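The file query_34.txt comes next; it holds compact mmCIF, C-alpha atoms.
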# COMPACT_ATOMS: atom_id res chain seq x y z
CA MET A 239 -14.69 67.06 30.24
CA ASP A 240 -12.03 69.74 30.57
CA ARG A 241 -12.34 72.15 33.47
CA ILE A 242 -12.20 75.81 32.54
CA THR A 243 -11.89 78.95 34.61
CA LEU A 244 -14.46 81.74 34.76
CA ARG A 245 -12.08 84.03 32.83
CA GLU A 246 -11.79 81.40 30.08
CA ALA A 247 -15.56 80.87 30.11
CA ALA A 248 -16.11 84.53 29.22
CA ASN A 249 -14.17 83.88 25.99
CA LEU A 250 -16.24 80.86 24.94
CA PRO A 251 -18.10 81.28 21.67
CA GLU A 252 -21.79 81.96 21.98
CA VAL A 253 -23.76 78.80 21.47
CA GLY A 254 -27.33 77.74 22.02
CA PRO A 255 -28.90 76.78 25.31
CA LEU A 256 -27.00 74.85 27.96
CA GLU A 257 -28.62 71.53 28.86
CA ILE A 258 -27.32 70.07 32.09
CA ARG A 259 -27.55 66.39 33.03
CA ALA A 260 -26.35 64.32 35.98
CA ILE A 261 -23.01 62.64 35.33
CA GLY A 262 -24.06 59.38 36.95
CA SER A 263 -22.51 57.07 39.49
CA GLY A 264 -20.95 54.58 37.08
CA GLY A 265 -17.53 55.24 38.59
CA LEU A 266 -18.83 54.30 42.03
CA VAL A 267 -20.21 51.02 40.72
CA PHE A 268 -16.94 50.17 38.97
CA GLY A 269 -14.89 51.23 42.00
CA GLN A 270 -16.99 49.11 44.31
CA LEU A 271 -16.49 46.09 42.08
CA LEU A 272 -12.72 46.62 42.02
CA LEU A 273 -12.51 47.11 45.77
CA GLY A 274 -14.76 44.12 46.36
CA LEU A 275 -12.66 41.57 44.52
CA PRO A 276 -10.02 41.23 47.28
CA VAL A 277 -12.77 40.99 49.89
CA VAL A 278 -14.47 38.15 48.03
CA ALA A 279 -11.10 36.42 47.58
CA ASN A 280 -10.48 36.85 51.32
CA LEU A 281 -13.86 35.23 52.03
CA PHE A 282 -12.84 32.09 50.14
CA THR A 283 -9.31 31.92 51.56
CA ALA A 284 -10.17 32.69 55.21
CA SER A 285 -10.09 29.55 57.32
CA GLY A 286 -12.48 30.92 59.88
CA GLY A 287 -12.53 33.26 62.81
CA ILE A 288 -12.72 37.01 62.70
CA ARG A 289 -11.24 37.31 59.15
CA PHE A 290 -14.05 35.18 57.76
CA VAL A 291 -16.75 37.12 59.66
CA LEU A 292 -15.38 40.49 58.50
CA ALA A 293 -15.18 39.30 54.89
CA ALA A 294 -18.73 37.90 55.05
CA VAL A 295 -20.13 41.14 56.51
CA THR A 296 -18.32 43.22 53.88
CA CYS A 297 -19.63 40.99 51.08
CA ALA A 298 -23.16 41.30 52.46
CA LEU A 299 -22.86 45.11 52.53
CA MET A 300 -21.58 45.09 48.96
CA ALA A 301 -24.45 42.84 47.90
CA VAL A 302 -26.87 45.52 49.16
CA ALA A 303 -24.93 48.58 47.98
CA LEU A 304 -24.22 47.42 44.42
CA PRO A 305 -27.88 47.01 43.35
CA LEU A 306 -28.69 50.32 45.05
CA LEU A 307 -25.96 52.07 43.03
CA LEU A 308 -27.20 50.44 39.84
CA VAL A 309 -30.75 51.67 40.54
CA VAL A 310 -29.45 55.21 41.15
CA GLN A 311 -27.47 55.02 37.88
CA ALA A 312 -30.57 53.93 35.94
CA ARG A 313 -32.71 56.64 37.56
CA GLN A 314 -30.13 59.34 36.77
CA ARG A 315 -30.11 58.37 33.11
CA ALA A 316 -33.92 58.32 33.06
CA LEU A 317 -34.08 61.89 34.41
CA GLY A 318 -32.51 63.23 31.21
CA VAL A 319 -32.00 66.99 31.17
CA LEU A 320 -32.15 68.31 34.74
CA VAL A 321 -31.68 72.01 33.97
CA ARG A 322 -31.92 73.96 30.73
CA LEU A 323 -30.56 77.49 30.53
CA ASP A 324 -31.84 79.31 27.45
CA SER A 325 -33.07 82.72 26.33
CA HIS A 326 -36.46 82.11 28.02
CA GLY A 327 -35.01 81.37 31.44
CA VAL A 328 -34.19 78.35 33.57
CA GLY A 329 -36.09 75.13 32.86
CA ILE A 330 -36.08 72.55 35.65
CA GLY A 331 -36.78 68.89 34.90
CA GLY A 332 -38.61 69.52 31.64
CA GLY A 333 -41.07 71.92 33.28
CA PRO A 334 -41.84 75.44 32.15
CA ALA A 335 -38.95 77.89 32.19
CA ILE A 336 -38.52 80.26 35.12
CA PRO A 337 -38.09 83.65 33.42
CA TRP A 338 -34.78 85.41 33.97
CA ARG A 339 -36.66 88.40 35.39
CA ASP A 340 -37.76 86.21 38.34
CA LEU A 341 -34.14 85.82 39.43
CA SER A 342 -32.35 88.62 41.24
CA GLU A 343 -28.84 87.20 41.42
CA VAL A 344 -26.70 84.15 40.78
CA ARG A 345 -24.07 83.31 43.38
CA SER A 346 -21.07 81.05 43.33
CA LYS A 347 -20.86 79.55 46.81
CA LYS A 348 -18.95 76.54 48.18
CA GLY A 349 -18.62 74.82 44.81
CA ALA A 350 -22.28 75.41 43.94
CA VAL A 351 -24.18 77.79 41.69
CA VAL A 352 -27.11 79.32 43.55
CA LEU A 353 -29.95 81.05 41.68
CA ILE A 354 -31.54 83.62 44.00
CA PRO A 355 -35.21 84.48 43.36
CA ARG A 356 -36.77 87.92 43.54
CA PRO A 357 -39.01 88.47 46.60
CA GLY A 358 -42.27 86.56 46.30
CA VAL A 359 -40.99 84.11 43.66
CA GLU A 360 -40.85 80.42 44.59
CA LEU A 361 -38.27 78.29 42.84
CA PRO A 362 -38.27 74.49 42.49
CA VAL A 363 -35.47 72.18 43.52
CA VAL A 364 -33.48 70.28 40.88
CA PRO A 365 -34.72 66.66 40.53
CA SER A 366 -32.58 64.00 42.18
CA ALA A 367 -32.15 60.28 41.54
CA ALA A 368 -31.14 59.54 45.12
CA PRO A 369 -33.35 56.72 46.45
CA PHE A 370 -34.64 58.37 49.62
CA SER A 371 -34.36 62.02 48.58
CA ARG A 372 -37.42 64.16 49.29
CA PRO A 373 -37.65 67.44 47.34
CA GLU A 374 -39.25 69.33 50.25
CA ARG A 375 -36.42 68.39 52.60
CA ARG A 376 -33.72 69.22 50.07
CA ALA A 377 -35.39 72.57 49.32
CA ALA A 378 -35.50 73.46 53.03
CA THR A 379 -31.86 72.47 53.48
CA TYR A 380 -30.75 74.46 50.43
CA VAL A 381 -32.68 77.55 51.55
CA ARG A 382 -31.08 77.33 55.00
CA ARG A 383 -27.57 76.69 53.64
CA TYR A 384 -27.52 78.71 50.40
CA GLY A 385 -30.51 81.07 50.51
CA SER A 386 -32.43 79.46 47.64
CA PRO A 387 -33.87 76.03 46.77
CA LEU A 388 -32.46 76.21 43.24
CA VAL A 389 -28.87 75.06 43.68
CA LEU A 390 -26.72 73.49 40.97
CA MET A 391 -23.86 71.27 42.13
CA PRO A 392 -21.43 71.15 39.16
CA MET A 393 -19.43 68.24 40.59
CA ALA A 394 -22.52 66.04 40.07
CA LEU A 395 -23.43 67.57 36.70
CA ASP A 396 -21.99 67.45 33.19
CA ALA A 397 -21.37 71.23 33.13
CA THR A 398 -18.68 73.10 35.00
CA GLN A 399 -19.30 76.03 37.32
CA PRO A 400 -17.62 78.50 34.89
CA GLN A 401 -19.76 77.19 32.00
CA ILE A 402 -22.94 77.66 34.02
CA LEU A 403 -21.94 81.14 35.19
CA ALA A 404 -20.91 82.18 31.65
CA THR A 405 -24.25 81.00 30.27
CA VAL A 406 -26.16 82.88 32.98
CA ARG A 407 -24.12 85.99 32.28
CA ARG A 408 -24.70 85.71 28.52
CA LEU A 409 -28.38 84.72 28.48
CA GLY A 410 -29.83 86.04 31.72
CA ARG A 411 -27.84 89.23 32.18
CA ILE A 412 -28.20 88.71 35.93
CA PRO A 413 -25.65 90.03 38.42
CA LEU A 414 -23.11 87.38 39.42
CA GLY A 415 -22.00 87.28 43.03
CA ALA A 416 -19.51 85.17 44.92
CA GLU A 417 -19.35 84.27 48.61

Would you kindly transcribe this structure into structure tokens?
Amino acid sequence: MDRITLREAANLPEVGPLEIRAIGSGGLVFGQLLLGLPVVANLFTASGGIRFVLAAVTCALMAVALPLLLVVQARQRALGVLVRLDSHGVGIGGGPAIPWRDLSEVRSKKGAVVLIPRPGVELPVVPSAAPFSRPERRAATYVRRYGSPLVLMPMALDATQPQILATVRRLGRIPLGAE
């Protein structure tokens, strides 16, 4: 997907809602396999000693990490649409849409898009496929770090930060801020 700037995003044609999905960790799985081939070859060619032990430990770690990455990949695909931005508001994980009027501001901060709620409004956290991720913990961390639990990380999503901000500007008519 081509990266675009915020200025270019303002010139995009108006289209329907923006559905955002996780991009997956397929590259990590493939990269691990490529990096692992020399280690496996080293295991078979090492005559013993420390080289053999290091190769065996590395192979054992890869044997644990590879299935874990494959499970995360399958779970990310199963999540489907994580966030939907449309004329009704922001839909999280297939749930009901949070109306635009419940959001006071959208900030661009440290490579993330942060949706700030109005006082008294509680926002959910975006679903995650990470194996040991707990939504309550992530929400608390996001509130402490960004000021809201509803944080979109474009580098892990199939939409760019300018695309998300342009859609919010077009559909939500919410003030955009940057930090």

Please check which residues have atoms at most 9 Å from (-27.0, 69.7, 39.0) in the file's coordinates, counting only C-alpha atoms, and write them as a list in words.
->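 Final list of nearby residues, as requested, is Ile258, Arg259, Ala260, Ile261, Leu320, Val321, Ala350, Val351, Val364, Pro365, Ser366, Val389, Leu390, Met391, Pro392, Met393, Ala394, Leu395, Asp396 and Ala397 of chain A.
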
For the selection you just gave me, I'd like the residues written to a file as a tab-separated table (two decimals), in the frame of the given file, keeping C-alpha atoms.
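Output file result.tsv is given in full below:
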chain	number	residue	atom	x	y	z
A	258	ILE	CA	-27.32	70.07	32.09
A	259	ARG	CA	-27.55	66.39	33.03
A	260	ALA	CA	-26.35	64.32	35.98
A	261	ILE	CA	-23.01	62.64	35.33
A	320	LEU	CA	-32.15	68.31	34.74
A	321	VAL	CA	-31.68	72.01	33.97
A	350	ALA	CA	-22.28	75.41	43.94
A	351	VAL	CA	-24.18	77.79	41.69
A	364	VAL	CA	-33.48	70.28	40.88
A	365	PRO	CA	-34.72	66.66	40.53
A	366	SER	CA	-32.58	64.00	42.18
A	389	VAL	CA	-28.87	75.06	43.68
A	390	LEU	CA	-26.72	73.49	40.97
A	391	MET	CA	-23.86	71.27	42.13
A	392	PRO	CA	-21.43	71.15	39.16
A	393	MET	CA	-19.43	68.24	40.59
A	394	ALA	CA	-22.52	66.04	40.07
A	395	LEU	CA	-23.43	67.57	36.70
A	396	ASP	CA	-21.99	67.45	33.19
A	397	ALA	CA	-21.37	71.23	33.13

How many Å lie between atom CA of A:Leu341 and atom CA of A:Ile354, rounded to one decimal?
->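 For atom CA of A:Leu341 relative to atom CA of A:Ile354, the distance reads 5.7 Å.
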
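Computed from the coordinates, the atom CA of A:Leu409 to atom CA of A:Asp324 distance equals 6.5 Å.
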
Radius query 10 Å about (-19.8, 80.4, 37.8), atoms used: only C-alpha atoms, as a list of chain:residue names |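 With a cut-off of 10 Å, the residues come to A:Thr243, A:Leu244, A:Arg245, A:Ala247, A:Val344, A:Arg345, A:Ser346, A:Lys347, A:Gly349, A:Ala350, A:Val351, A:Val352, A:Pro392, A:Thr398, A:Gln399, A:Pro400, A:Gln401, A:Ile402, A:Leu403, A:Ala404, A:Thr405, A:Val406, A:Arg407, A:Leu414, A:Gly415, A:Ala416.
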
Non-local contacts of A:Arg375 (10 Å; all atoms listed in the file; under 4 positions in same chain excluded) as a PyMOL selection string = chain A and resi 363+371+379-381+387

Please, what distance in Å, to one decimal, runs between atom CA of A:Phe290 and atom CA of A:Leu272?
->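 Computing it gives 19.5 Å between the two atoms.
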
Which is closer to A:Ile330 than all the others in A:Val291, A:Ala316, A:Leu361, A:Ala298, using only C-alpha atoms?
-> A:Leu361

Taking all atoms of stretch 367-382 of chain A that the file lists and extending 8 Å past them on each side, where is the centre of the axis-aligned box and how long are its edges? Answer in Å to one decimal, as lines of an AutoDock Vina configuration file.
center_x = -35.0
center_y = 67.1
center_z = 48.3
size_x = 24.5
size_y = 36.8
size_z = 29.5

For A:Gly318, which residue among A:Ala378, A:Glu257, A:Ser342, A:Gly269 is the nearest when counting all atoms listed in the file?
-> A:Glu257

12 Å contact set for stretch 273-275 of chain A, only C-alpha atoms, chain neighbours under 4 positions out, as an MDAnalysis selection string = chainID A and resid 265:269 279:282 293:301 303:304
